[in-house]
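Engineer: First, the structure itself, so that you have it in front of you.
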Amino acid sequence: MNAVREVALALLVGRDLEQARKRIRNGWLVGYLWAGWSFAGVIAGIWSLAPEAEERLSLTLFILAVVEVGVVAFLSYGVMRRGRVAAATLLVYFWGSRIFWIAAGAIGLGGYGEILKFAILQVFPAYIFLQGMRGVWTWHFLAHPEYEGPIVPEEGTPDAR
(Lines give C-alpha, C1' and ligand atoms only; values in the text may rest on other atoms or scores of the structure.)
Protein backbone atom coordinates (compact mmCIF):
# COMPACT_ATOMS: atom_id res chain seq x y z
CA MET A 1 0.00 0.00 0.00
CA ASN A 2 2.90 2.35 0.70
CA ALA A 3 4.29 1.77 -2.79
CA VAL A 4 0.98 2.80 -4.37
CA ARG A 5 0.90 5.94 -2.23
CA GLU A 6 4.46 6.82 -3.21
CA VAL A 7 3.73 6.37 -6.92
CA ALA A 8 0.57 8.50 -6.66
CA LEU A 9 2.44 11.23 -4.82
CA ALA A 10 5.26 11.16 -7.36
CA LEU A 11 2.77 11.58 -10.22
CA LEU A 12 0.53 14.21 -8.64
CA VAL A 13 2.77 16.10 -6.27
CA GLY A 14 5.79 18.02 -7.46
CA ARG A 15 8.83 19.12 -5.51
CA ASP A 16 9.00 22.83 -6.46
CA LEU A 17 6.87 25.33 -4.54
CA GLU A 18 7.40 28.11 -7.09
CA GLN A 19 6.23 25.88 -9.94
CA ALA A 20 3.21 24.93 -7.83
CA ARG A 21 2.31 28.61 -7.43
CA LYS A 22 2.54 29.13 -11.19
CA ARG A 23 0.35 26.11 -11.83
CA ILE A 24 -2.21 27.36 -9.33
CA ARG A 25 -2.19 30.82 -10.91
CA ASN A 26 -2.59 29.38 -14.40
CA GLY A 27 -5.40 27.10 -13.20
CA TRP A 28 -7.59 29.80 -11.72
CA LEU A 29 -6.73 32.29 -14.46
CA VAL A 30 -7.76 29.87 -17.23
CA GLY A 31 -10.88 29.01 -15.21
CA TYR A 32 -11.92 32.65 -15.04
CA LEU A 33 -11.06 33.23 -18.71
CA TRP A 34 -13.02 30.14 -19.74
CA ALA A 35 -16.00 31.22 -17.62
CA GLY A 36 -15.90 34.72 -19.13
CA TRP A 37 -15.63 33.36 -22.67
CA SER A 38 -18.48 30.93 -22.05
CA PHE A 39 -20.61 33.64 -20.45
CA ALA A 40 -20.11 35.83 -23.51
CA GLY A 41 -21.13 32.88 -25.69
CA VAL A 42 -24.21 32.22 -23.57
CA ILE A 43 -25.23 35.87 -23.72
CA ALA A 44 -24.67 35.90 -27.49
CA GLY A 45 -26.79 32.76 -27.71
CA ILE A 46 -29.73 34.30 -25.88
CA TRP A 47 -31.18 35.24 -29.26
CA SER A 48 -31.46 31.55 -30.10
CA LEU A 49 -34.16 31.25 -27.43
CA ALA A 50 -36.61 33.18 -29.62
CA PRO A 51 -39.36 31.01 -31.15
CA GLU A 52 -38.50 32.16 -34.67
CA ALA A 53 -34.77 31.38 -34.30
CA GLU A 54 -33.28 29.19 -37.02
CA GLU A 55 -31.38 26.90 -34.61
CA ARG A 56 -33.52 27.10 -31.49
CA LEU A 57 -31.74 26.38 -28.19
CA SER A 58 -33.86 24.80 -25.48
CA LEU A 59 -34.34 26.83 -22.34
CA THR A 60 -33.09 23.92 -20.24
CA LEU A 61 -29.73 23.81 -22.05
CA PHE A 62 -29.47 27.59 -21.83
CA ILE A 63 -30.00 27.52 -18.05
CA LEU A 64 -27.52 24.66 -17.66
CA ALA A 65 -24.93 26.65 -19.63
CA VAL A 66 -25.43 29.68 -17.36
CA VAL A 67 -25.14 27.49 -14.26
CA GLU A 68 -21.98 25.88 -15.64
CA VAL A 69 -20.36 29.29 -16.05
CA GLY A 70 -21.06 30.03 -12.39
CA VAL A 71 -19.82 26.62 -11.20
CA VAL A 72 -16.54 26.92 -13.14
CA ALA A 73 -16.00 30.47 -11.85
CA PHE A 74 -16.76 29.38 -8.27
CA LEU A 75 -14.42 26.40 -8.45
CA SER A 76 -11.73 28.60 -10.04
CA TYR A 77 -12.03 30.84 -7.00
CA GLY A 78 -11.46 27.74 -4.87
CA VAL A 79 -8.31 26.96 -6.86
CA MET A 80 -7.17 30.55 -6.33
CA ARG A 81 -7.66 30.01 -2.59
CA ARG A 82 -5.61 26.77 -2.90
CA GLY A 83 -8.47 24.45 -2.05
CA ARG A 84 -7.66 20.82 -2.80
CA VAL A 85 -11.30 19.78 -3.04
CA ALA A 86 -12.13 22.70 -5.35
CA ALA A 87 -9.19 21.92 -7.63
CA ALA A 88 -10.10 18.25 -7.95
CA THR A 89 -13.79 19.05 -8.35
CA LEU A 90 -13.04 21.57 -11.09
CA LEU A 91 -11.17 18.99 -13.13
CA VAL A 92 -13.74 16.22 -12.64
CA TYR A 93 -16.71 18.55 -13.19
CA PHE A 94 -15.21 20.08 -16.32
CA TRP A 95 -14.60 16.69 -17.97
CA GLY A 96 -17.99 15.41 -16.88
CA SER A 97 -19.74 18.43 -18.31
CA ARG A 98 -17.82 18.03 -21.60
CA ILE A 99 -19.25 14.52 -21.89
CA PHE A 100 -22.73 15.89 -21.21
CA TRP A 101 -22.40 18.68 -23.77
CA ILE A 102 -21.11 16.27 -26.41
CA ALA A 103 -24.05 13.94 -25.71
CA ALA A 104 -26.47 16.89 -25.85
CA GLY A 105 -25.07 17.94 -29.21
CA ALA A 106 -23.79 21.33 -28.05
CA ILE A 107 -20.19 20.32 -28.73
CA GLY A 108 -19.61 18.77 -32.11
CA LEU A 109 -16.73 16.58 -33.20
CA GLY A 110 -17.72 16.19 -36.87
CA GLY A 111 -14.86 17.67 -38.84
CA TYR A 112 -11.28 18.80 -38.43
CA GLY A 113 -12.38 22.33 -37.56
CA GLU A 114 -14.64 21.14 -34.78
CA ILE A 115 -11.96 18.84 -33.42
CA LEU A 116 -9.44 21.70 -33.40
CA LYS A 117 -11.99 23.95 -31.68
CA PHE A 118 -12.64 21.16 -29.14
CA ALA A 119 -8.91 20.81 -28.46
CA ILE A 120 -8.44 24.54 -27.91
CA LEU A 121 -11.61 25.32 -25.95
CA GLN A 122 -12.08 22.08 -24.03
CA VAL A 123 -8.96 19.89 -23.84
CA PHE A 124 -6.44 22.70 -23.24
CA PRO A 125 -8.40 24.18 -20.27
CA ALA A 126 -8.85 20.68 -18.83
CA TYR A 127 -5.09 20.13 -19.03
CA ILE A 128 -4.48 23.46 -17.27
CA PHE A 129 -7.04 22.48 -14.61
CA LEU A 130 -5.12 19.21 -14.12
CA GLN A 131 -1.90 21.18 -13.69
CA GLY A 132 -3.70 23.58 -11.31
CA MET A 133 -4.85 20.62 -9.25
CA ARG A 134 -1.29 19.29 -9.17
CA GLY A 135 -0.11 22.75 -8.10
CA VAL A 136 -2.62 22.93 -5.26
CA TRP A 137 -1.71 19.45 -4.04
CA THR A 138 2.01 20.22 -4.32
CA TRP A 139 1.59 23.50 -2.46
CA HIS A 140 -0.41 21.81 0.27
CA PHE A 141 2.03 18.90 0.55
CA LEU A 142 5.10 21.15 0.73
CA ALA A 143 3.63 23.99 2.79
CA HIS A 144 1.76 21.76 5.24
CA PRO A 145 3.87 18.68 5.98
CA GLU A 146 2.25 16.12 8.17
CA TYR A 147 2.47 17.13 11.80
CA GLU A 148 4.78 14.73 13.60
CA GLY A 149 4.75 16.14 17.12
CA PRO A 150 2.16 15.92 19.88
CA ILE A 151 -1.22 17.36 18.97
CA VAL A 152 -1.74 19.02 22.36
CA PRO A 153 0.86 21.69 23.23
CA GLU A 154 2.90 21.04 26.33
CA GLU A 155 2.27 22.96 29.55
CA GLY A 156 4.13 26.23 29.73
CA THR A 157 4.33 26.85 25.97
CA PRO A 158 2.75 30.00 24.54
CA ASP A 159 0.17 27.91 22.64
CA ALA A 160 -1.05 26.09 25.75
CA ARG A 161 -4.33 27.43 27.14
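Please note that chains go A, B, ... in the order of the C-alpha coordinates, that every chain numbers its residues from 1, and that ligands are numbered from 1 in the order shown.
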What's the 12 Å shell around A:Phe124, counting only C-alpha atoms, without same-chain residues fewer than 5 positions away, as a PyMOL selection string?

Structural biologist: chain A and resi 26-27+30-31+34+91+94-95+116-119+129-131

Engineer: Name the residues in contact with A:Gly96 at a cut-off of 12 Å, using only C-alpha atoms, excluding same-chain residues fewer than 5 positions from it; report them as a PyMOL selection string.

Structural biologist: chain A and resi 68+89-91+101-103+122+126

Engineer: Taking only C-alpha atoms into account, name the residue in A:Leu142, A:Ala73, A:Leu61, A:Met80 that is nearest to A:Ile24.

Structural biologist: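 Counting only C-alpha atoms, the residue closest to A:Ile24 is A:Met80.
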
Engineer: When you draw a straight line from atom CA of A:Phe39 to atom CA of A:Gly83, how long is it in Å?

Structural biologist: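 For atom CA of A:Phe39 relative to atom CA of A:Gly83, the distance reads 23.9 Å.
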
Engineer: As an exercise, work out the distance from atom CA of A:Arg81 to atom CA of A:Val4 in Å and give it to one decimal place.

Structural biologist: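 Separation of atom CA of A:Arg81 and atom CA of A:Val4: 28.6 Å.
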
Engineer: May I have the residues within 10 Å of A:Val42 as a PyMOL selection string, using only C-alpha atoms and disregarding those fewer than 3 positions away in the same chain?

Structural biologist: chain A and resi 36-39+45-48+62-63+65-66+69

Engineer: Go ahead and write the residues just picked, N, CA, C and O atoms, as a short mmCIF file (atom, residue, chain, number, x, y, z; two decimals), in the first residue's frame.

Structural biologist:
data_model
loop_
_atom_site.label_atom_id
_atom_site.label_comp_id
_atom_site.auth_asym_id
_atom_site.auth_seq_id
_atom_site.Cartn_x
_atom_site.Cartn_y
_atom_site.Cartn_z
N GLY A 36 -15.55 33.47 -18.44
CA GLY A 36 -15.90 34.72 -19.13
C GLY A 36 -16.21 34.49 -20.59
O GLY A 36 -17.19 35.04 -21.13
N TRP A 37 -15.39 33.68 -21.26
CA TRP A 37 -15.63 33.36 -22.67
C TRP A 37 -16.96 32.63 -22.83
O TRP A 37 -17.75 32.93 -23.73
N SER A 38 -17.23 31.68 -21.96
CA SER A 38 -18.48 30.93 -22.05
C SER A 38 -19.68 31.82 -21.73
O SER A 38 -20.73 31.69 -22.35
N PHE A 39 -19.52 32.72 -20.78
CA PHE A 39 -20.61 33.64 -20.45
C PHE A 39 -20.93 34.53 -21.64
O PHE A 39 -22.10 34.76 -21.95
N GLY A 45 -25.83 33.77 -27.31
CA GLY A 45 -26.79 32.76 -27.71
C GLY A 45 -28.18 32.98 -27.18
O GLY A 45 -29.08 32.18 -27.45
N ILE A 46 -28.39 34.04 -26.43
CA ILE A 46 -29.73 34.30 -25.88
C ILE A 46 -30.74 34.52 -27.00
O ILE A 46 -31.91 34.24 -26.85
N TRP A 47 -30.27 34.99 -28.14
CA TRP A 47 -31.18 35.24 -29.26
C TRP A 47 -31.70 33.92 -29.83
O TRP A 47 -32.73 33.90 -30.48
N SER A 48 -31.00 32.84 -29.58
CA SER A 48 -31.46 31.55 -30.10
C SER A 48 -32.63 30.99 -29.29
O SER A 48 -33.19 29.96 -29.64
N PHE A 62 -29.93 26.22 -22.08
CA PHE A 62 -29.47 27.59 -21.83
C PHE A 62 -29.22 27.81 -20.33
O PHE A 62 -28.18 28.33 -19.93
N ILE A 63 -30.15 27.37 -19.50
CA ILE A 63 -30.00 27.52 -18.05
C ILE A 63 -28.82 26.70 -17.55
O ILE A 63 -28.04 27.17 -16.71
N ALA A 65 -26.15 25.96 -19.20
CA ALA A 65 -24.93 26.65 -19.63
C ALA A 65 -24.62 27.82 -18.70
O ALA A 65 -23.45 28.04 -18.33
N VAL A 66 -25.64 28.56 -18.29
CA VAL A 66 -25.43 29.68 -17.36
C VAL A 66 -24.95 29.16 -16.01
O VAL A 66 -24.02 29.72 -15.40
N VAL A 69 -21.27 28.14 -16.13
CA VAL A 69 -20.36 29.29 -16.05
C VAL A 69 -20.12 29.66 -14.59
O VAL A 69 -18.98 29.87 -14.17
#

Engineer: Identify which of the residues A:Ile120, A:Val136, A:Ala3, A:Leu9 lies closest to A:Arg82, counting only C-alpha atoms when measuring atom-to-atom distances.

Structural biologist: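 Answer, going by the shortest atom-to-atom distance: A:Val136.
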